[in-house]
$ cat start_19.txt   # compact mmCIF, C-alpha atoms
# COMPACT_ATOMS: atom_id res chain seq x y z
CA MET A 1 0.25 31.50 21.53
CA GLU A 2 3.49 29.55 21.66
CA VAL A 3 3.45 26.46 19.45
CA GLU A 4 5.34 23.31 20.41
CA ARG A 5 7.60 22.41 17.50
CA VAL A 6 7.97 18.75 16.63
CA GLN A 7 11.65 19.13 15.74
CA ALA A 8 12.40 20.71 19.14
CA LEU A 9 10.42 18.02 20.92
CA ALA A 10 12.36 15.31 19.08
CA GLN A 11 15.74 16.92 19.78
CA TYR A 12 15.32 18.07 23.36
CA GLY A 13 12.33 16.17 24.71
CA ASN A 14 14.32 13.05 25.67
CA LEU A 15 11.44 11.02 24.30
CA HIS A 16 11.23 7.26 24.65
CA GLU A 17 7.47 7.12 24.20
CA LEU A 18 5.27 9.18 21.95
CA PRO A 19 3.08 11.84 23.61
CA GLU A 20 -0.59 10.87 23.47
CA LYS A 21 -1.58 13.62 21.03
CA PHE A 22 0.61 12.05 18.31
CA ILE A 23 -0.72 8.49 18.70
CA ARG A 24 -3.14 7.73 15.88
CA PRO A 25 -6.35 5.72 16.30
CA ALA A 26 -5.71 2.00 15.82
CA HIS A 27 -7.19 1.92 12.30
CA GLU A 28 -4.77 4.64 11.11
CA ARG A 29 -1.54 3.35 12.63
CA PRO A 30 1.16 2.21 10.21
CA GLU A 31 1.59 -1.00 12.22
CA ASN A 32 -2.03 -1.91 11.38
CA THR A 33 -2.17 -0.57 7.81
CA ARG A 34 0.96 -1.84 6.12
CA ALA A 35 1.72 -1.15 2.47
CA ILE A 36 1.16 -3.99 0.01
CA GLU A 37 4.29 -5.71 -1.32
CA GLY A 38 5.31 -6.11 -4.94
CA VAL A 39 3.49 -3.12 -6.45
CA THR A 40 5.45 -0.22 -7.94
CA VAL A 41 4.22 3.19 -9.01
CA PRO A 42 4.53 4.38 -12.64
CA VAL A 43 7.90 5.86 -13.65
CA ILE A 44 7.77 7.86 -16.89
CA SER A 45 10.67 9.32 -18.89
CA LEU A 46 9.98 12.68 -20.53
CA LEU A 47 12.21 11.50 -23.40
CA LEU A 48 9.54 9.08 -24.64
CA PRO A 49 8.05 9.84 -28.09
CA HIS A 50 5.29 12.43 -27.68
CA ASP A 51 2.28 10.19 -28.33
CA ASN A 52 3.65 7.50 -26.00
CA LEU A 53 4.24 10.13 -23.34
CA VAL A 54 0.67 11.41 -23.58
CA ASP A 55 -0.64 7.85 -23.29
CA GLU A 56 1.59 6.91 -20.34
CA ILE A 57 0.75 10.04 -18.38
CA SER A 58 -2.97 9.71 -19.14
CA LYS A 59 -2.92 6.10 -17.92
CA ALA A 60 -1.05 7.06 -14.73
CA CYS A 61 -3.44 9.97 -14.05
CA SER A 62 -6.55 7.82 -14.47
CA GLU A 63 -5.31 4.66 -12.72
CA TRP A 64 -3.09 6.12 -10.00
CA GLY A 65 -3.34 9.91 -9.82
CA PHE A 66 0.40 9.71 -9.26
CA PHE A 67 3.64 9.03 -11.15
CA LEU A 68 7.36 9.73 -11.14
CA ILE A 69 9.08 11.51 -14.01
CA THR A 70 12.69 11.18 -15.08
CA ASP A 71 14.74 12.96 -17.78
CA HIS A 72 12.98 16.20 -16.89
CA SER A 73 15.93 18.58 -17.52
CA ILE A 74 16.24 19.93 -13.95
CA SER A 75 19.82 19.21 -12.96
CA ALA A 76 20.71 17.01 -10.01
CA ALA A 77 22.91 19.86 -8.74
CA LEU A 78 19.96 22.27 -8.61
CA ILE A 79 17.73 19.74 -6.84
CA GLN A 80 20.51 19.13 -4.31
CA GLY A 81 20.91 22.90 -3.91
CA VAL A 82 17.22 23.35 -3.10
CA GLN A 83 17.40 20.50 -0.62
CA GLY A 84 20.59 21.92 0.89
CA VAL A 85 19.21 25.38 1.68
CA GLY A 86 16.01 23.88 3.10
CA LYS A 87 17.97 21.56 5.34
CA GLU A 88 20.15 24.48 6.50
CA PHE A 89 17.08 26.44 7.51
CA PHE A 90 15.83 23.66 9.75
CA GLU A 91 19.27 23.40 11.35
CA LEU A 92 19.06 27.04 12.53
CA PRO A 93 18.60 27.80 16.25
CA GLN A 94 14.94 27.62 17.27
CA GLY A 95 14.71 31.35 17.99
CA GLU A 96 15.93 32.17 14.49
CA LYS A 97 13.30 29.94 12.90
CA GLU A 98 10.54 31.44 15.05
CA ARG A 99 11.17 34.83 13.41
CA TYR A 100 9.39 33.36 10.39
CA ALA A 101 6.50 31.73 12.28
CA ASN A 102 3.11 31.70 10.58
CA ASP A 103 -0.34 31.82 12.19
CA PRO A 104 -3.00 29.98 10.19
CA SER A 105 -5.65 30.98 12.74
CA THR A 106 -5.36 34.56 11.46
CA GLY A 107 -5.08 33.57 7.79
CA LYS A 108 -1.28 33.91 7.75
CA PHE A 109 -0.34 30.62 6.10
CA GLU A 110 3.09 31.54 4.76
CA GLY A 111 6.14 30.95 6.92
CA TYR A 112 7.43 28.43 9.46
CA GLY A 113 4.78 26.22 10.99
CA THR A 114 3.69 23.04 12.72
CA LYS A 115 0.64 21.21 11.46
CA MET A 116 -2.27 21.45 13.87
CA THR A 117 -4.61 18.97 12.25
CA LYS A 118 -8.36 19.44 12.25
CA ASN A 119 -9.62 15.91 12.86
CA ALA A 120 -12.21 14.35 15.11
CA GLU A 121 -9.64 12.73 17.39
CA ALA A 122 -7.62 15.98 17.77
CA LYS A 123 -4.46 14.13 16.79
CA VAL A 124 -1.36 16.02 15.67
CA GLU A 125 0.92 15.05 12.81
CA TRP A 126 4.67 14.52 13.33
CA ILE A 127 5.81 17.40 11.11
CA ASP A 128 7.19 20.93 10.99
CA TYR A 129 7.17 22.81 7.70
CA TYR A 130 8.06 25.99 5.82
CA PHE A 131 5.55 27.31 3.29
CA HIS A 132 5.65 30.24 0.88
CA VAL A 133 4.54 31.32 -2.60
CA ILE A 134 7.33 31.29 -5.19
CA SER A 135 5.43 32.60 -8.24
CA PRO A 136 3.93 34.58 -9.91
CA ALA A 137 6.07 37.57 -8.89
CA SER A 138 2.96 39.62 -8.02
CA LYS A 139 2.10 37.13 -5.22
CA VAL A 140 5.59 36.67 -3.78
CA ASN A 141 6.37 38.17 -0.36
CA TYR A 142 10.13 38.04 0.08
CA GLU A 143 9.85 39.11 3.71
CA ILE A 144 8.60 35.58 4.39
CA TRP A 145 11.63 33.95 2.73
CA PRO A 146 14.53 32.97 5.02
CA ASN A 147 17.56 35.26 5.07
CA THR A 148 19.65 32.33 6.26
CA PRO A 149 21.16 30.57 4.46
CA PRO A 150 22.05 33.58 2.26
CA SER A 151 21.70 31.55 -0.96
CA TYR A 152 18.12 30.49 -0.18
CA ARG A 153 16.45 33.05 -2.45
CA GLU A 154 18.82 32.59 -5.40
CA VAL A 155 18.58 28.80 -5.40
CA THR A 156 14.81 28.72 -4.88
CA GLU A 157 14.14 31.27 -7.63
CA LYS A 158 16.27 29.30 -10.09
CA TYR A 159 14.40 26.12 -9.18
CA ASN A 160 11.08 27.92 -9.67
CA VAL A 161 12.05 29.00 -13.21
CA GLU A 162 13.00 25.46 -14.22
CA LEU A 163 10.05 23.85 -12.45
CA LEU A 164 7.64 26.22 -14.21
CA GLU A 165 8.89 24.87 -17.55
CA VAL A 166 8.40 21.27 -16.44
CA THR A 167 4.96 22.05 -15.01
CA GLU A 168 3.85 23.76 -18.22
CA LYS A 169 4.90 20.71 -20.21
CA LEU A 170 3.11 18.33 -17.82
CA VAL A 171 -0.11 20.34 -17.89
CA GLN A 172 0.00 20.35 -21.70
CA LEU A 173 0.50 16.56 -21.81
CA ILE A 174 -2.31 16.01 -19.29
CA SER A 175 -4.58 18.26 -21.35
CA GLU A 176 -3.84 16.26 -24.51
CA GLY A 177 -4.50 13.04 -22.59
CA LEU A 178 -8.03 14.31 -21.96
CA GLY A 179 -8.51 14.74 -25.72
CA LEU A 180 -8.17 18.54 -25.47
CA GLU A 181 -5.81 21.00 -27.10
CA GLY A 182 -2.59 21.36 -25.13
CA LYS A 183 -3.32 24.87 -23.86
CA VAL A 184 -6.85 24.25 -22.58
CA LEU A 185 -6.02 22.94 -19.11
CA ARG A 186 -3.40 25.60 -18.37
CA SER A 187 -5.78 28.34 -19.45
CA SER A 188 -8.51 26.91 -17.22
CA LEU A 189 -6.11 26.95 -14.26
CA GLY A 190 -5.26 30.63 -14.65
CA GLY A 191 -2.52 30.74 -17.30
CA GLU A 192 0.22 33.17 -16.28
CA GLU A 193 -1.47 33.63 -12.89
CA ILE A 194 -1.07 29.98 -11.81
CA GLU A 195 0.50 29.99 -8.35
CA MET A 196 3.50 27.89 -7.36
CA GLU A 197 3.72 27.31 -3.61
CA MET A 198 6.77 25.74 -1.94
CA LYS A 199 6.29 23.60 1.18
CA ILE A 200 9.34 22.08 2.84
CA ASN A 201 8.22 19.19 5.05
CA MET A 202 10.45 18.18 7.96
CA TYR A 203 9.74 14.89 9.78
CA PRO A 204 12.22 14.42 12.67
CA PRO A 205 13.13 10.98 14.04
CA CYS A 206 10.13 9.59 15.92
CA PRO A 207 10.44 7.27 18.96
CA GLN A 208 7.44 5.13 17.94
CA PRO A 209 6.90 5.55 14.19
CA GLU A 210 4.51 2.59 14.09
CA LEU A 211 1.98 4.69 16.05
CA ALA A 212 2.31 8.08 14.32
CA LEU A 213 1.87 9.72 10.94
CA GLY A 214 3.88 12.53 9.38
CA VAL A 215 0.83 13.55 7.36
CA GLU A 216 -2.53 11.81 7.62
CA PRO A 217 -4.31 10.49 4.50
CA HIS A 218 -5.41 13.37 2.27
CA THR A 219 -5.66 14.61 -1.29
CA ASP A 220 -3.99 17.87 -2.34
CA MET A 221 -6.27 20.80 -3.19
CA SER A 222 -3.80 21.93 -5.88
CA ALA A 223 -3.98 21.05 -9.57
CA LEU A 224 -0.63 19.28 -9.45
CA THR A 225 1.95 18.77 -6.74
CA ILE A 226 5.56 18.18 -7.77
CA LEU A 227 7.73 16.84 -4.99
CA VAL A 228 11.32 15.78 -4.36
CA PRO A 229 12.12 13.82 -1.18
CA ASN A 230 15.35 13.01 0.57
CA GLU A 231 16.47 9.39 0.62
CA VAL A 232 14.43 8.42 3.73
CA PRO A 233 11.26 6.59 2.57
CA GLY A 234 7.80 7.40 3.88
CA LEU A 235 5.44 8.46 1.10
CA GLN A 236 2.57 6.04 0.43
CA VAL A 237 -0.27 6.31 -2.09
CA TRP A 238 -3.69 4.58 -2.03
CA LYS A 239 -4.39 2.20 -4.90
CA ASP A 240 -7.16 -0.39 -5.21
CA GLY A 241 -7.85 -0.58 -1.48
CA ASN A 242 -4.23 -0.77 -0.35
CA TRP A 243 -1.36 1.51 0.56
CA VAL A 244 1.57 1.35 -1.86
CA ALA A 245 5.01 2.51 -0.69
CA VAL A 246 6.80 4.88 -3.08
CA ASN A 247 10.47 4.03 -3.36
CA TYR A 248 13.12 6.74 -3.51
CA LEU A 249 14.46 7.37 -7.01
CA PRO A 250 17.32 9.91 -7.11
CA ASN A 251 16.54 13.09 -9.07
CA ALA A 252 13.06 11.93 -10.08
CA LEU A 253 10.13 14.31 -9.65
CA PHE A 254 7.13 12.84 -7.81
CA VAL A 255 3.91 14.11 -9.43
CA HIS A 256 0.58 14.09 -7.57
CA VAL A 257 -2.68 14.81 -9.38
CA GLY A 258 -4.63 17.23 -7.19
CA ASP A 259 -8.28 18.06 -6.62
CA GLN A 260 -8.49 20.77 -9.31
CA ILE A 261 -7.48 18.43 -12.14
CA GLU A 262 -9.94 15.82 -10.87
CA VAL A 263 -12.71 18.45 -11.03
CA LEU A 264 -11.68 19.87 -14.42
CA SER A 265 -11.41 16.36 -15.91
CA ASN A 266 -14.86 15.53 -14.49
CA GLY A 267 -13.38 12.62 -12.60
CA LYS A 268 -11.40 10.98 -15.42
CA TYR A 269 -8.18 11.77 -13.59
CA LYS A 270 -8.04 11.05 -9.87
CA SER A 271 -6.68 13.21 -7.06
CA VAL A 272 -4.42 10.76 -5.28
CA LEU A 273 -5.00 9.87 -1.63
CA HIS A 274 -1.62 9.74 0.09
CA ARG A 275 0.04 9.83 3.50
CA SER A 276 3.51 10.19 5.00
CA LEU A 277 5.13 7.82 7.47
CA VAL A 278 8.00 8.71 9.79
CA ASN A 279 11.25 7.04 10.76
CA LYS A 280 12.77 6.09 14.11
CA GLU A 281 16.41 6.77 13.22
CA SER A 282 16.42 9.33 10.44
CA THR A 283 14.98 12.71 9.52
CA ARG A 284 12.72 12.56 6.49
CA MET A 285 12.29 15.70 4.40
CA SER A 286 10.42 16.53 1.22
CA TRP A 287 10.12 19.61 -0.95
CA ALA A 288 6.63 19.92 -2.42
CA VAL A 289 5.58 22.59 -4.90
CA PHE A 290 1.83 22.99 -5.29
CA CYS A 291 0.66 24.23 -8.69
CA ALA A 292 -2.68 25.91 -7.96
CA PRO A 293 -5.08 28.30 -9.67
CA PRO A 294 -5.41 31.87 -8.38
CA HIS A 295 -8.11 32.27 -5.73
CA GLU A 296 -10.52 34.01 -8.09
CA ALA A 297 -10.30 31.29 -10.78
CA ILE A 298 -13.62 29.52 -11.41
CA ILE A 299 -13.09 25.77 -11.48
CA GLY A 300 -15.62 23.19 -12.64
CA PRO A 301 -15.82 20.27 -15.07
CA LEU A 302 -14.63 21.40 -18.49
CA PRO A 303 -17.63 21.74 -20.88
CA GLN A 304 -15.80 19.65 -23.50
CA LEU A 305 -15.84 16.69 -21.08
CA VAL A 306 -19.51 16.91 -20.11
CA ASP A 307 -22.47 15.59 -22.10
CA ASP A 308 -25.77 13.77 -21.58
CA GLY A 309 -23.99 10.47 -21.17
CA ASN A 310 -21.34 11.94 -18.83
CA PRO A 311 -22.97 14.68 -16.72
CA ALA A 312 -21.00 16.99 -14.45
CA LYS A 313 -19.89 15.17 -11.30
CA TYR A 314 -18.65 18.28 -9.47
CA SER A 315 -20.02 21.74 -8.75
CA THR A 316 -18.39 24.85 -10.19
CA LYS A 317 -16.96 27.41 -7.76
CA THR A 318 -14.01 29.73 -7.22
CA PHE A 319 -10.81 28.17 -5.97
CA ALA A 320 -11.11 30.43 -2.90
CA GLU A 321 -14.47 28.81 -2.09
CA PHE A 322 -13.02 25.34 -2.69
CA ARG A 323 -10.12 26.09 -0.31
CA HIS A 324 -12.46 27.42 2.36
CA ARG A 325 -14.61 24.30 2.19
CA LYS A 326 -11.64 21.94 2.19
CA PHE A 327 -9.91 23.64 5.13
CA ASN A 328 -13.10 23.57 7.18
CA GLY A 329 -14.34 20.10 6.25
CA ILE A 330 -17.42 21.43 4.44
CA PRO A 331 -18.71 19.22 1.58
CA GLN A 332 -17.81 20.57 -1.85
$ encode --input "start_19.txt" --output "structure tokens"
Amino acid sequence: MEVERVQALAQYGNLHELPEKFIRPAHERPENTRAIEGVTVPVISLLLPHDNLVDEISKACSEWGFFLITDHSISAALIQGVQGVGKEFFELPQGEKERYANDPSTGKFEGYGTKMTKNAEAKVEWIDYYFHVISPASKVNYEIWPNTPPSYREVTEKYNVELLEVTEKLVQLISEGLGLEGKVLRSSLGGEEIEMEMKINMYPPCPQPELALGVEPHTDMSALTILVPNEVPGLQVWKDGNWVAVNYLPNALFVHVGDQIEVLSNGKYKSVLHRSLVNKESTRMSWAVFCAPPHEAIIGPLPQLVDDGNPAKYSTKTFAEFRHRKFNGIPQ
């Protein structure tokens, strides 16, 4: 089945009005659900003294489920390199990109895709994307990775190595914030078998951005998501009954707490509800890396965080079962 790509529609569709399938219900439209003014998300430097860092990250995880980190040791040049090769891929001729097309209906999630949202109104999000596993090596399928630009693999692999170090440090700090030893959370998520999954999100200019969404409100099923955007704003997070716009901060890493950490922490840390808006004039892009347990990992509230006064709030199941339920809208 041929899939209509949003980027192609935006470039060649001569659109002045948005096709009906992209128009959100009134209660979801950005024009009716504006972000609150004067609230900023937490920004945390990894150069803070260790105890302060644990406290700041714990506070952000429990109050927001989201924060930005600076001074994280990944160079601006490498971040720009990752963004550059991703941008080059989306500038390829359509036929070249289609060589990497995925097919989620058959379980083939890796590759080039367009989000066909499962929602009651059958509305489609204004996004194309490229998704593939970048580690561990045993799970990587290089046939899925773009051959063009030629430097894609080299740059992405280098980014993966450096991001793994940052992720390991973050997971340790989050574990300590829960009152646990630093290695507990990482071990519970699969240790060396933790999967890192790259998703490049491409949101082309949209003729009526006040009516559409790039990505509808959702939480990530990962443990953590670490994201870098381009300079075009659009990410919003839900806090205390309002949407809060996340401002662009060059070279910062945007960290989302995902569902698996909410479950493991027995609800102390929150999986952040977030959405993506689109822009009338400019292409928005983001590079998200999902840090997720292997499918066979058994995830439930950590025994150390459960007692008579704080019983388990979540059921224990494999990550594969969690994914299946989340994808199909089945209660967990």
$ closest_residue --input "start_19.txt" --among "A:Asn32, A:Gln172, A:Thr225, A:Thr219" --to "A:Trp238" --atoms "only C-alpha atoms"
A:Thr219
$ residues_around --input "start_19.txt" --residues "A:Trp287" --least-positions-apart "2" --cutoff "10 Å" --atoms "only C-alpha atoms" --output "ChimeraX atom specification"
/A:79,82-83,86,129-131,198-202,226-230,285,289-290
$ write_last_selection --input "start_19.txt" --atoms "C-alpha atoms" --output "CSV table (one decimal), in the frame of the given file"
chain,number,residue,atom,x,y,z
A,79,ILE,CA,17.7,19.7,-6.8
A,82,VAL,CA,17.2,23.4,-3.1
A,83,GLN,CA,17.4,20.5,-0.6
A,86,GLY,CA,16.0,23.9,3.1
A,129,TYR,CA,7.2,22.8,7.7
A,130,TYR,CA,8.1,26.0,5.8
A,131,PHE,CA,5.6,27.3,3.3
A,198,MET,CA,6.8,25.7,-1.9
A,199,LYS,CA,6.3,23.6,1.2
A,200,ILE,CA,9.3,22.1,2.8
A,201,ASN,CA,8.2,19.2,5.0
A,202,MET,CA,10.4,18.2,8.0
A,226,ILE,CA,5.6,18.2,-7.8
A,227,LEU,CA,7.7,16.8,-5.0
A,228,VAL,CA,11.3,15.8,-4.4
A,229,PRO,CA,12.1,13.8,-1.2
A,230,ASN,CA,15.4,13.0,0.6
A,285,MET,CA,12.3,15.7,4.4
A,289,VAL,CA,5.6,22.6,-4.9
A,290,PHE,CA,1.8,23.0,-5.3
$ residues_around --input "start_19.txt" --residues "stretch 251-263 of chain A" --least-positions-apart "5" --cutoff "7 Å" --atoms "all atoms listed in the file" --output "number ranges by chain"
A: 61, 65-70, 76, 219-228, 268-272, 300-301, 314
$ closest_residue --input "start_19.txt" --among "A:Gly190, A:Pro207, A:Gly107, A:Pro149" --to "A:Pro136" --atoms "all atoms listed in the file"
A:Gly190
$ residues_around --input "start_19.txt" --residues "A:Glu231" --least-positions-apart "2" --cutoff "10 Å" --atoms "all atoms listed in the file" --output "list in words"
Val228, Pro229, Pro233, Gly234, Asn247, Tyr248, Leu249, Pro250, Ser282, Thr283, Arg284, Met285 and Ser286 of chain A
$ write_last_selection --input "start_19.txt" --atoms "C-alpha atoms" --output "PDB file, in the coordinates of the input"
ATOM      1  CA  VAL A 228      11.320  15.780  -4.360  1.00  0.00           C
ATOM      2  CA  PRO A 229      12.120  13.820  -1.180  1.00  0.00           C
ATOM      3  CA  PRO A 233      11.260   6.590   2.570  1.00  0.00           C
ATOM      4  CA  GLY A 234       7.800   7.400   3.880  1.00  0.00           C
ATOM      5  CA  ASN A 247      10.470   4.030  -3.360  1.00  0.00           C
ATOM      6  CA  TYR A 248      13.120   6.740  -3.510  1.00  0.00           C
ATOM      7  CA  LEU A 249      14.460   7.370  -7.010  1.00  0.00           C
ATOM      8  CA  PRO A 250      17.320   9.910  -7.110  1.00  0.00           C
ATOM      9  CA  SER A 282      16.420   9.330  10.440  1.00  0.00           C
ATOM     10  CA  THR A 283      14.980  12.710   9.520  1.00  0.00           C
ATOM     11  CA  ARG A 284      12.720  12.560   6.490  1.00  0.00           C
ATOM     12  CA  MET A 285      12.290  15.700   4.400  1.00  0.00           C
ATOM     13  CA  SER A 286      10.420  16.530   1.220  1.00  0.00           C
TER      14      SER A 286
END
$ atom_distance --input "start_19.txt" --atom1 "atom CA of A:Val140" --atom2 "atom CA of A:Pro294"
12.9 Å
$ atom_distance --input "start_19.txt" --atom1 "atom CA of A:Cys291" --atom2 "atom CA of A:Glu197"
6.7 Å
$ residues_near_point --input "start_19.txt" --point "(-11.6, 21.0, 2.6)" --cutoff "12 Å" --atoms "all atoms listed in the file" --output "list in words"
Lys118, Asn119, His218, Thr219, Asp220, Met221, Ser222, Asp259, Phe319, Ala320, Glu321, Phe322, Arg323, His324, Arg325, Lys326, Phe327, Asn328, Gly329, Ile330, Pro331 and Gln332 of chain A
$ write_last_selection --input "start_19.txt" --atoms "C-alpha atoms" --output "short mmCIF file (atom, residue, chain, number, x, y, z; two decimals), in the coordinates of the input"
data_model
loop_
_atom_site.label_atom_id
_atom_site.label_comp_id
_atom_site.auth_asym_id
_atom_site.auth_seq_id
_atom_site.Cartn_x
_atom_site.Cartn_y
_atom_site.Cartn_z
CA LYS A 118 -8.36 19.44 12.25
CA ASN A 119 -9.62 15.91 12.86
CA HIS A 218 -5.41 13.37 2.27
CA THR A 219 -5.66 14.61 -1.29
CA ASP A 220 -3.99 17.87 -2.34
CA MET A 221 -6.27 20.80 -3.19
CA SER A 222 -3.80 21.93 -5.88
CA ASP A 259 -8.28 18.06 -6.62
CA PHE A 319 -10.81 28.17 -5.97
CA ALA A 320 -11.11 30.43 -2.90
CA GLU A 321 -14.47 28.81 -2.09
CA PHE A 322 -13.02 25.34 -2.69
CA ARG A 323 -10.12 26.09 -0.31
CA HIS A 324 -12.46 27.42 2.36
CA ARG A 325 -14.61 24.30 2.19
CA LYS A 326 -11.64 21.94 2.19
CA PHE A 327 -9.91 23.64 5.13
CA ASN A 328 -13.10 23.57 7.18
CA GLY A 329 -14.34 20.10 6.25
CA ILE A 330 -17.42 21.43 4.44
CA PRO A 331 -18.71 19.22 1.58
CA GLN A 332 -17.81 20.57 -1.85
#
$ closest_residue --input "start_19.txt" --among "A:Val3, A:Val171, A:Leu48, A:Ala101" --to "A:Gly191" --atoms "only C-alpha atoms"
A:Val171
$ closest_residue --input "start_19.txt" --among "A:Ser315, A:Gln208, A:Asn279, A:Asn310" --to "A:Arg24" --atoms "only C-alpha atoms"
A:Gln208
$ axis_aligned_box --input "start_19.txt" --around "stretch 184-195 of chain A" --padding-each-side "5 Å" --output "JSON"
{"center_x": -4.0, "center_y": 28.3, "center_z": -15.5, "size_x": 19.0, "size_y": 20.7, "size_z": 24.2}
$ atom_distance --input "start_19.txt" --atom1 "atom CA of A:Glu63" --atom2 "atom CA of A:His295"
28.6 Å
$ decode --input "start_19.txt" --residues "stretch 97-111 of chain A" --atoms "N, CA, C and O atoms" --output "tab-separated table (two decimals), in the first residue's frame"
chain	number	residue	atom	x	y	z
A	97	LYS	N	14.19	7.83	-0.65
A	97	LYS	CA	13.74	7.61	0.73
A	97	LYS	C	12.84	6.39	0.84
A	97	LYS	O	12.91	5.65	1.83
A	98	GLU	N	12.02	6.16	-0.18
A	98	GLU	CA	11.07	5.03	-0.12
A	98	GLU	C	11.78	3.68	-0.11
A	98	GLU	O	11.20	2.68	0.30
A	99	ARG	N	13.03	3.64	-0.51
A	99	ARG	CA	13.80	2.39	-0.44
A	99	ARG	C	13.91	1.90	1.00
A	99	ARG	O	14.14	0.71	1.26
A	100	TYR	N	13.76	2.82	1.95
A	100	TYR	CA	13.92	2.48	3.36
A	100	TYR	C	12.58	2.44	4.09
A	100	TYR	O	12.53	2.45	5.32
A	101	ALA	N	11.48	2.38	3.35
A	101	ALA	CA	10.14	2.46	3.96
A	101	ALA	C	9.90	1.31	4.93
A	101	ALA	O	10.27	0.16	4.66
A	102	ASN	N	9.27	1.63	6.05
A	102	ASN	CA	8.88	0.59	7.00
A	102	ASN	C	7.43	0.17	6.75
A	102	ASN	O	6.77	0.69	5.86
A	103	ASP	N	6.96	-0.78	7.55
A	103	ASP	CA	5.56	-1.22	7.44
A	103	ASP	C	5.10	-1.72	8.80
A	103	ASP	O	5.14	-2.92	9.09
A	104	PRO	N	4.70	-0.79	9.68
A	104	PRO	CA	4.30	-1.20	11.03
A	104	PRO	C	3.19	-2.24	11.06
A	104	PRO	O	3.10	-3.02	12.01
A	105	SER	N	2.37	-2.29	10.01
A	105	SER	CA	1.26	-3.27	10.00
A	105	SER	C	1.77	-4.71	9.97
A	105	SER	O	1.06	-5.63	10.35
A	106	THR	N	3.01	-4.90	9.52
A	106	THR	CA	3.61	-6.24	9.50
A	106	THR	C	4.65	-6.41	10.60
A	106	THR	O	5.39	-7.39	10.63
A	107	GLY	N	4.73	-5.42	11.51
A	107	GLY	CA	5.72	-5.50	12.58
A	107	GLY	C	7.07	-4.96	12.21
A	107	GLY	O	8.02	-5.03	13.00
A	108	LYS	N	7.20	-4.37	11.01
A	108	LYS	CA	8.47	-3.79	10.57
A	108	LYS	C	8.47	-2.30	10.93
A	108	LYS	O	8.03	-1.46	10.17
A	109	PHE	N	8.96	-2.00	12.13
A	109	PHE	CA	8.91	-0.63	12.63
A	109	PHE	C	10.11	0.20	12.20
A	109	PHE	O	10.03	1.43	12.12
A	110	GLU	N	11.25	-0.44	11.96
A	110	GLU	CA	12.44	0.31	11.60
A	110	GLU	C	12.37	0.81	10.16
A	110	GLU	O	11.86	0.13	9.28
A	111	GLY	N	12.92	2.01	9.94
A	111	GLY	CA	12.96	2.57	8.60
A	111	GLY	C	12.23	3.90	8.50
A	111	GLY	O	11.91	4.54	9.50
